[in-house]
>>> print(open('entry.txt').read())   # compact mmCIF, C-alpha atoms
# COMPACT_ATOMS: atom_id res chain seq x y z
CA MET T 1 81.22 19.98 -27.81
CA ASN T 2 78.18 18.16 -26.74
CA ALA T 3 74.97 18.73 -28.56
CA ALA T 4 72.20 19.96 -26.34
CA SER T 5 69.96 17.12 -25.43
CA THR T 6 66.43 17.14 -24.27
CA ASP T 7 65.34 14.67 -21.72
CA THR T 8 61.69 13.88 -21.94
CA GLN T 9 59.89 12.33 -19.07
CA SER T 10 56.38 11.16 -19.22
CA LEU T 11 54.33 10.68 -16.17
CA THR T 12 51.33 8.48 -16.26
CA SER T 13 48.95 8.37 -13.39
CA THR T 14 46.02 6.08 -13.08
CA LYS T 15 43.13 7.43 -11.09
CA LEU T 16 40.40 5.03 -10.15
CA ASP T 17 36.92 6.31 -10.88
CA LEU T 18 34.85 6.82 -7.78
CA PRO T 19 32.06 4.29 -7.38
CA TRP T 20 28.41 5.13 -7.76
CA THR T 21 25.94 4.36 -5.02
CA VAL T 22 22.33 3.29 -5.35
CA ILE T 23 20.05 4.77 -2.70
CA VAL T 24 16.51 3.73 -1.80
CA TYR T 25 14.24 6.13 0.08
CA ASP T 26 11.41 5.36 2.47
CA ASP T 27 7.80 5.89 1.46
CA PRO T 28 4.55 5.32 3.35
CA VAL T 29 3.05 2.87 0.84
CA ASN T 30 5.42 0.06 -0.08
CA LEU T 31 5.10 -2.87 2.31
CA MET T 32 8.22 -3.93 4.19
CA GLN T 33 7.90 -7.53 2.99
CA TYR T 34 7.72 -6.26 -0.60
CA VAL T 35 10.81 -4.06 -0.27
CA THR T 36 12.76 -7.04 1.13
CA MET T 37 11.58 -9.19 -1.78
CA VAL T 38 12.64 -6.55 -4.32
CA PHE T 39 16.14 -6.29 -2.81
CA LYS T 40 16.48 -10.07 -3.06
CA LYS T 41 15.26 -10.13 -6.67
CA VAL T 42 17.20 -7.12 -7.97
CA PHE T 43 20.51 -7.57 -6.15
CA GLY T 44 20.40 -11.27 -5.31
CA TYR T 45 20.85 -10.48 -1.63
CA SER T 46 20.20 -13.02 1.11
CA GLU T 47 17.04 -12.74 3.21
CA GLU T 48 19.14 -11.39 6.12
CA LYS T 49 20.90 -8.69 4.10
CA ALA T 50 17.74 -7.66 2.27
CA THR T 51 15.82 -7.41 5.55
CA ALA T 52 18.60 -5.37 7.19
CA LEU T 53 18.62 -2.89 4.28
CA MET T 54 14.83 -2.69 4.28
CA LYS T 55 14.88 -1.85 8.01
CA GLN T 56 17.47 0.83 7.38
CA VAL T 57 15.22 2.38 4.73
CA HIS T 58 12.25 2.22 7.10
CA LEU T 59 14.01 3.56 10.19
CA LYS T 60 16.50 6.03 8.71
CA GLY T 61 14.49 7.18 5.70
CA ARG T 62 17.08 5.97 3.19
CA SER T 63 19.65 3.29 2.67
CA LEU T 64 22.68 2.89 0.45
CA VAL T 65 21.87 -0.48 -1.04
CA TRP T 66 24.66 -0.98 -3.58
CA SER T 67 27.82 0.69 -4.89
CA GLY T 68 29.93 0.05 -7.96
CA GLU T 69 30.29 1.05 -11.57
CA LYS T 70 27.95 3.55 -13.20
CA GLU T 71 26.35 1.30 -15.82
CA LYS T 72 25.39 -1.29 -13.26
CA ALA T 73 24.06 1.37 -10.88
CA GLU T 74 21.87 2.71 -13.69
CA PHE T 75 20.56 -0.77 -14.36
CA TYR T 76 19.71 -1.31 -10.69
CA VAL T 77 17.97 2.06 -10.34
CA GLN T 78 15.93 1.29 -13.45
CA GLN T 79 14.90 -2.02 -11.89
CA LEU T 80 13.99 -0.42 -8.56
CA HIS T 81 11.87 2.22 -10.31
CA SER T 82 10.05 -0.49 -12.25
CA TYR T 83 9.17 -2.05 -8.88
CA GLN T 84 7.85 1.39 -7.83
CA LEU T 85 10.52 2.04 -5.23
CA ASN T 86 11.82 5.57 -4.76
CA ALA T 87 15.48 5.30 -5.75
CA SER T 88 18.36 7.33 -7.10
CA MET T 89 22.08 7.04 -7.75
CA GLU T 90 24.90 9.31 -6.66
CA LYS T 91 28.62 9.42 -7.17
CA GLU T 92 30.41 8.62 -3.94
CA SER T 93 32.22 11.66 -2.56
CA MET U 1 -15.95 -11.03 -1.35
CA LYS U 2 -13.55 -13.85 -0.57
CA MET U 3 -9.89 -14.29 -1.42
CA ALA U 4 -7.88 -17.49 -1.26
CA PRO U 5 -4.72 -19.06 -2.70
CA THR U 6 -5.14 -21.63 -5.48
CA LEU U 7 -3.47 -25.02 -5.83
CA GLU U 8 -1.67 -23.69 -8.93
CA GLY U 9 0.15 -21.08 -6.84
CA GLY U 10 -2.08 -18.16 -7.74
CA LEU U 11 -4.84 -16.25 -6.00
CA ARG U 12 -8.59 -16.44 -6.43
CA ILE U 13 -11.02 -13.64 -5.64
CA ASP U 14 -14.70 -14.57 -5.42
CA ALA U 15 -17.00 -11.61 -5.96
CA ASP U 16 -20.62 -12.08 -4.88
CA SER U 17 -22.36 -8.92 -6.03
CA LEU U 18 -22.24 -5.96 -8.36
CA THR U 19 -20.80 -3.94 -5.48
CA ASP U 20 -17.88 -6.37 -5.19
CA TRP U 21 -17.07 -5.91 -8.89
CA MET U 22 -17.35 -2.14 -8.54
CA ILE U 23 -14.89 -2.24 -5.64
CA LEU U 24 -12.47 -4.26 -7.76
CA GLU U 25 -12.86 -1.82 -10.64
CA LEU U 26 -11.97 1.01 -8.26
CA ILE U 27 -8.40 -0.35 -8.18
CA CYS U 28 -7.99 0.86 -11.77
CA ALA U 29 -9.86 4.11 -11.16
CA ASP U 30 -7.72 4.92 -8.12
CA ALA U 31 -4.50 3.93 -9.89
CA SER U 32 -5.36 6.26 -12.78
CA ARG U 33 -6.07 9.24 -10.53
CA LEU U 34 -2.59 9.89 -9.14
CA PRO U 35 -2.41 13.62 -8.40
CA GLY U 36 0.61 15.68 -9.40
CA PRO U 37 3.37 14.58 -11.75
CA PRO U 38 3.24 11.12 -13.37
CA LEU U 39 4.27 8.23 -11.11
CA TYR U 40 7.65 7.79 -12.74
CA ASP U 41 8.55 11.44 -12.11
CA GLN U 42 7.58 11.03 -8.46
CA LEU U 43 9.69 7.88 -8.04
CA SER U 44 12.72 9.45 -9.69
CA SER U 45 12.43 12.95 -8.24
CA ARG U 46 15.85 12.66 -6.56
CA MET U 47 17.50 11.27 -9.68
CA GLU U 48 19.47 13.37 -12.15
CA GLN U 49 18.35 12.16 -15.56
CA ASP U 50 20.45 12.70 -18.66
CA ASP U 51 19.02 12.67 -22.19
CA ASP U 52 19.78 8.97 -22.76
CA TRP U 53 17.97 8.04 -19.57
CA LYS U 54 14.93 10.09 -20.59
CA GLU U 55 14.95 8.61 -24.09
CA PHE U 56 15.64 4.95 -23.37
CA VAL U 57 14.63 4.18 -19.79
CA VAL U 58 11.66 6.38 -18.89
CA PRO U 59 9.28 5.43 -21.77
CA ASP U 60 9.59 1.69 -20.99
CA ILE U 61 8.73 2.13 -17.33
CA VAL U 62 5.89 4.58 -18.05
CA THR U 63 4.43 2.04 -20.50
CA GLN U 64 4.89 -0.75 -17.96
CA PHE U 65 2.91 1.18 -15.33
CA GLN U 66 0.09 1.91 -17.78
CA ASP U 67 0.03 -1.70 -18.99
CA GLN U 68 -0.42 -2.92 -15.40
CA ILE U 69 -3.64 -0.91 -15.07
CA THR U 70 -4.89 -1.93 -18.50
CA HIS U 71 -4.18 -5.60 -17.80
CA ILE U 72 -6.14 -5.82 -14.56
CA SER U 73 -8.95 -3.64 -15.91
CA ARG U 74 -9.43 -6.19 -18.72
CA ALA U 75 -9.17 -9.11 -16.29
CA ILE U 76 -11.88 -7.66 -14.05
CA SER U 77 -14.25 -6.69 -16.87
CA SER U 78 -13.84 -9.99 -18.70
CA ALA U 79 -14.17 -12.28 -15.66
CA PRO U 80 -17.19 -14.58 -16.07
CA LYS U 81 -20.15 -13.59 -13.90
CA ASP U 82 -23.53 -15.25 -13.45
CA GLU U 83 -26.92 -13.53 -13.47
CA GLU U 84 -26.55 -12.55 -9.83
CA HIS U 85 -23.11 -11.06 -10.51
CA SER U 86 -21.25 -13.83 -8.72
CA GLY U 87 -17.98 -14.81 -10.28
CA SER U 88 -14.33 -15.58 -9.71
CA LEU U 89 -11.24 -13.70 -10.66
CA PHE U 90 -8.02 -15.69 -10.94
CA ILE U 91 -4.63 -14.08 -10.50
CA HIS U 92 -2.13 -16.49 -12.01
CA LYS U 93 1.41 -16.64 -10.73
CA ASP U 94 2.76 -15.21 -13.99
CA ASP U 95 0.50 -12.17 -13.67
CA SER U 96 1.06 -11.60 -9.96
CA MET U 97 3.63 -8.79 -10.33
CA ILE U 98 1.33 -7.00 -12.78
CA TRP U 99 -1.48 -7.17 -10.22
CA TYR U 100 0.78 -6.15 -7.37
CA GLY U 101 2.05 -3.17 -9.39
CA ALA U 102 -1.43 -1.96 -10.35
CA VAL U 103 -2.72 -2.26 -6.78
CA ASN U 104 0.41 -0.46 -5.58
CA GLN U 105 -0.33 2.38 -7.99
CA ALA U 106 -3.83 2.60 -6.52
CA ARG U 107 -2.38 2.81 -2.98
CA LEU U 108 0.22 5.38 -4.01
CA SER U 109 -2.59 7.44 -5.52
CA LEU U 110 -4.77 7.21 -2.39
CA GLU U 111 -1.81 8.14 -0.20
CA LYS U 112 -1.10 11.18 -2.36
CA GLN U 113 -4.75 12.25 -2.36
CA TYR U 114 -5.61 11.68 1.29
CA ASP U 115 -2.33 11.38 3.28
CA LEU U 116 -3.62 8.06 4.59
CA SER U 117 -0.45 7.26 6.52
CA MET U 118 -1.34 10.23 8.75
CA HIS U 119 -4.65 8.52 9.55
CA GLU U 120 -3.29 5.08 10.50
CA ILE U 121 -4.14 5.72 14.11
CA LEU U 122 -7.78 6.25 13.11
CA GLU U 123 -8.29 2.80 11.65
CA THR U 124 -10.35 1.45 14.53
CA GLU U 125 -13.99 0.90 13.70
CA LYS U 126 -15.18 3.75 15.91
CA ALA U 127 -12.61 6.18 14.56
CA LEU U 128 -13.54 5.21 11.02
CA ASP U 129 -17.17 6.17 11.69
CA ASP U 130 -16.03 9.65 12.65
CA LEU U 131 -14.28 10.28 9.36
CA GLU U 132 -15.78 12.17 6.45
CA PRO U 133 -17.40 9.66 4.05
CA GLU U 134 -14.89 10.29 1.25
CA LEU U 135 -11.90 9.81 3.53
CA ARG U 136 -13.50 6.78 5.21
CA SER U 137 -14.05 5.20 1.81
CA ALA U 138 -10.40 5.85 0.89
CA VAL U 139 -9.15 4.30 4.16
CA ILE U 140 -11.28 1.18 3.62
CA ARG U 141 -10.19 0.85 -0.02
CA ASN U 142 -6.57 1.22 1.04
CA GLN U 143 -7.03 -1.57 3.63
CA PHE U 144 -8.61 -3.79 0.98
CA TYR U 145 -5.81 -3.12 -1.52
CA CYS U 146 -3.27 -3.78 1.21
CA ALA U 147 -4.96 -7.13 1.92
CA ILE U 148 -4.64 -8.11 -1.76
CA GLN U 149 -0.96 -7.17 -1.73
CA SER U 150 -0.33 -9.10 1.50
CA ALA U 151 -2.04 -12.19 0.07
CA LEU U 152 0.05 -11.91 -3.10
CA LEU U 153 3.23 -11.62 -1.04
CA ASP U 154 2.31 -14.46 1.31
CA TYR U 155 1.05 -16.98 -1.24
CA VAL U 156 2.09 -16.05 -4.77
CA LEU U 157 5.18 -13.89 -5.21
>>> encode(input="entry.txt", output="structure tokens")
Amino acid sequence: MNAASTDTQSLTSTKLDLPWTVIVYDDPVNLMQYVTMVFKKVFGYSEEKATALMKQVHLKGRSLVWSGEKEKAEFYVQQLHSYQLNASMEKES
Amino acid sequence: MKMAPTLEGGLRIDADSLTDWMILELICADASRLPGPPLYDQLSSRMEQDDDWKEFVVPDIVTQFQDQITHISRAISSAPKDEEHSGSLFIHKDDSMIWYGAVNQARLSLEKQYDLSMHEILETEKALDDLEPELRSAVIRNQFYCAIQSALLDYVL
């Protein structure tokens, strides 16, 4: 007679956390040249990329300027606020 | 009043009269008169803030904004002036972001008070004459502050 045996299976799934996005909103005060300079300083972007993002902010009212892990997004938003830019972070859906 | 870059990479503002110094002092007055919630709350209005953010991030930035105004207020009041109120104000490269930030606060405040961006089309000399004195003064101050910021961006920052 065979003893009853229990077969245990474990299932491990790894789910990647969704990235966070940093968004900058347009405002009527900050100069375009300044916004470009801030993007270069905060994110280390090239002149071309920073200018393209600045134009997106100006023309579309907002621009997704960075995405990645939460802690870094918080750091970037803090920096953008200290430069008096209107910014927020959201979890990518 | 004259403004010019210096050989050391800064900016120099030459004020020739008491009126010039009063105009410079208005930067601080305007920056301190932002209507509505504090500047930080306005900049972060779309941001969900947890308790850690409110405790560790917000106070530093609020202090930074206040320090910008205090710094340039001291620089203006302590600048050497002769008997006829002529004198020079030097914005050193190391202080340029502080100046830019304070002047930006003044412009944000004027925009909030007077909706100046709605009046951009009125900035011709004739149109300016037609404005109410208070609004005209705000438009001219905003143009002056914008000129300081442009000079800082072009020559210093």
>>> interface_residues(input="entry.txt", of="chain U", to="chain T", cutoff="8 Å", atoms="all atoms listed in the file", output="mmCIF file with C-alpha atoms, in the frame of the given file")
data_model
loop_
_atom_site.group_PDB
_atom_site.id
_atom_site.type_symbol
_atom_site.label_atom_id
_atom_site.label_comp_id
_atom_site.auth_asym_id
_atom_site.auth_seq_id
_atom_site.Cartn_x
_atom_site.Cartn_y
_atom_site.Cartn_z
ATOM 1 C CA TYR U 40 7.650 7.790 -12.740
ATOM 2 C CA GLN U 42 7.580 11.030 -8.460
ATOM 3 C CA LEU U 43 9.690 7.880 -8.040
ATOM 4 C CA SER U 44 12.720 9.450 -9.690
ATOM 5 C CA ARG U 46 15.850 12.660 -6.560
ATOM 6 C CA MET U 47 17.500 11.270 -9.680
ATOM 7 C CA GLU U 48 19.470 13.370 -12.150
ATOM 8 C CA VAL U 57 14.630 4.180 -19.790
ATOM 9 C CA ILE U 61 8.730 2.130 -17.330
ATOM 10 C CA GLN U 64 4.890 -0.750 -17.960
ATOM 11 C CA PHE U 65 2.910 1.180 -15.330
ATOM 12 C CA GLY U 101 2.050 -3.170 -9.390
ATOM 13 C CA ASN U 104 0.410 -0.460 -5.580
ATOM 14 C CA ARG U 107 -2.380 2.810 -2.980
ATOM 15 C CA LEU U 108 0.220 5.380 -4.010
ATOM 16 C CA GLU U 111 -1.810 8.140 -0.200
ATOM 17 C CA SER U 117 -0.450 7.260 6.520
ATOM 18 C CA LEU U 153 3.230 -11.620 -1.040
#
>>> atom_distance(input="entry.txt", atom1="atom CA of Lys55 of chain T", atom2="atom CA of Gln68 of chain U")
28.0 Å
>>> atom_distance(input="entry.txt", atom1="atom CA of Tyr155 of chain U", atom2="atom CA of Ile140 of chain U")
22.5 Å
>>> atom_distance(input="entry.txt", atom1="atom CA of Ile148 of chain U", atom2="atom CA of Met22 of chain U")
15.6 Å
>>> residues_around(input="entry.txt", residues="Ala102 of chain U", least_positions_apart="3", cutoff="10 Å", atoms="all atoms listed in the file", output="list of chain:residue names")
U:Ile27, U:Cys28, U:Asp30, U:Ala31, U:Ser32, U:Gln64, U:Phe65, U:Gln66, U:Asp67, U:Gln68, U:Ile69, U:Thr70, U:His71, U:Ile72, U:Ser73, U:Ser96, U:Met97, U:Ile98, U:Trp99, U:Gln105, U:Ala106, U:Arg107, U:Leu108, U:Tyr145
>>> residues_around(input="entry.txt", residues="Asp20 of chain U", least_positions_apart="5", cutoff="9 Å", atoms="only C-alpha atoms", output="list of chain:residue names")
U:Met1, U:Asp14, U:Ala15, U:Glu25, U:His85, U:Ser86
>>> residues_around(input="entry.txt", residues="Lys72 of chain T", least_positions_apart="6", cutoff="12 Å", atoms="only C-alpha atoms", output="ChimeraX atom specification")
/T:19-22,42-43,66,78-79,89
>>> closest_residue(input="entry.txt", among="T:Ser46, T:Leu53, T:His58, T:Thr8", to="Asp26 of chain T", atoms="all atoms listed in the file")
T:His58
>>> residues_around(input="entry.txt", residues="Leu18 of chain T", least_positions_apart="5", cutoff="10 Å", atoms="all atoms listed in the file", output="PyMOL selection string")
chain T and resi 67-70+91-93
>>> write_last_selection(input="entry.txt", atoms="C-alpha atoms", output="mmCIF file, in the coordinates of the input")
data_model
loop_
_atom_site.group_PDB
_atom_site.id
_atom_site.type_symbol
_atom_site.label_atom_id
_atom_site.label_comp_id
_atom_site.auth_asym_id
_atom_site.auth_seq_id
_atom_site.Cartn_x
_atom_site.Cartn_y
_atom_site.Cartn_z
ATOM 1 C CA SER T 67 27.820 0.690 -4.890
ATOM 2 C CA GLY T 68 29.930 0.050 -7.960
ATOM 3 C CA GLU T 69 30.290 1.050 -11.570
ATOM 4 C CA LYS T 70 27.950 3.550 -13.200
ATOM 5 C CA LYS T 91 28.620 9.420 -7.170
ATOM 6 C CA GLU T 92 30.410 8.620 -3.940
ATOM 7 C CA SER T 93 32.220 11.660 -2.560
#
>>> residues_around(input="entry.txt", residues="Val139 of chain U", least_positions_apart="4", cutoff="7 Å", atoms="all atoms listed in the file", output="JSON, numbers by chain")
{"U": [116, 135, 143]}
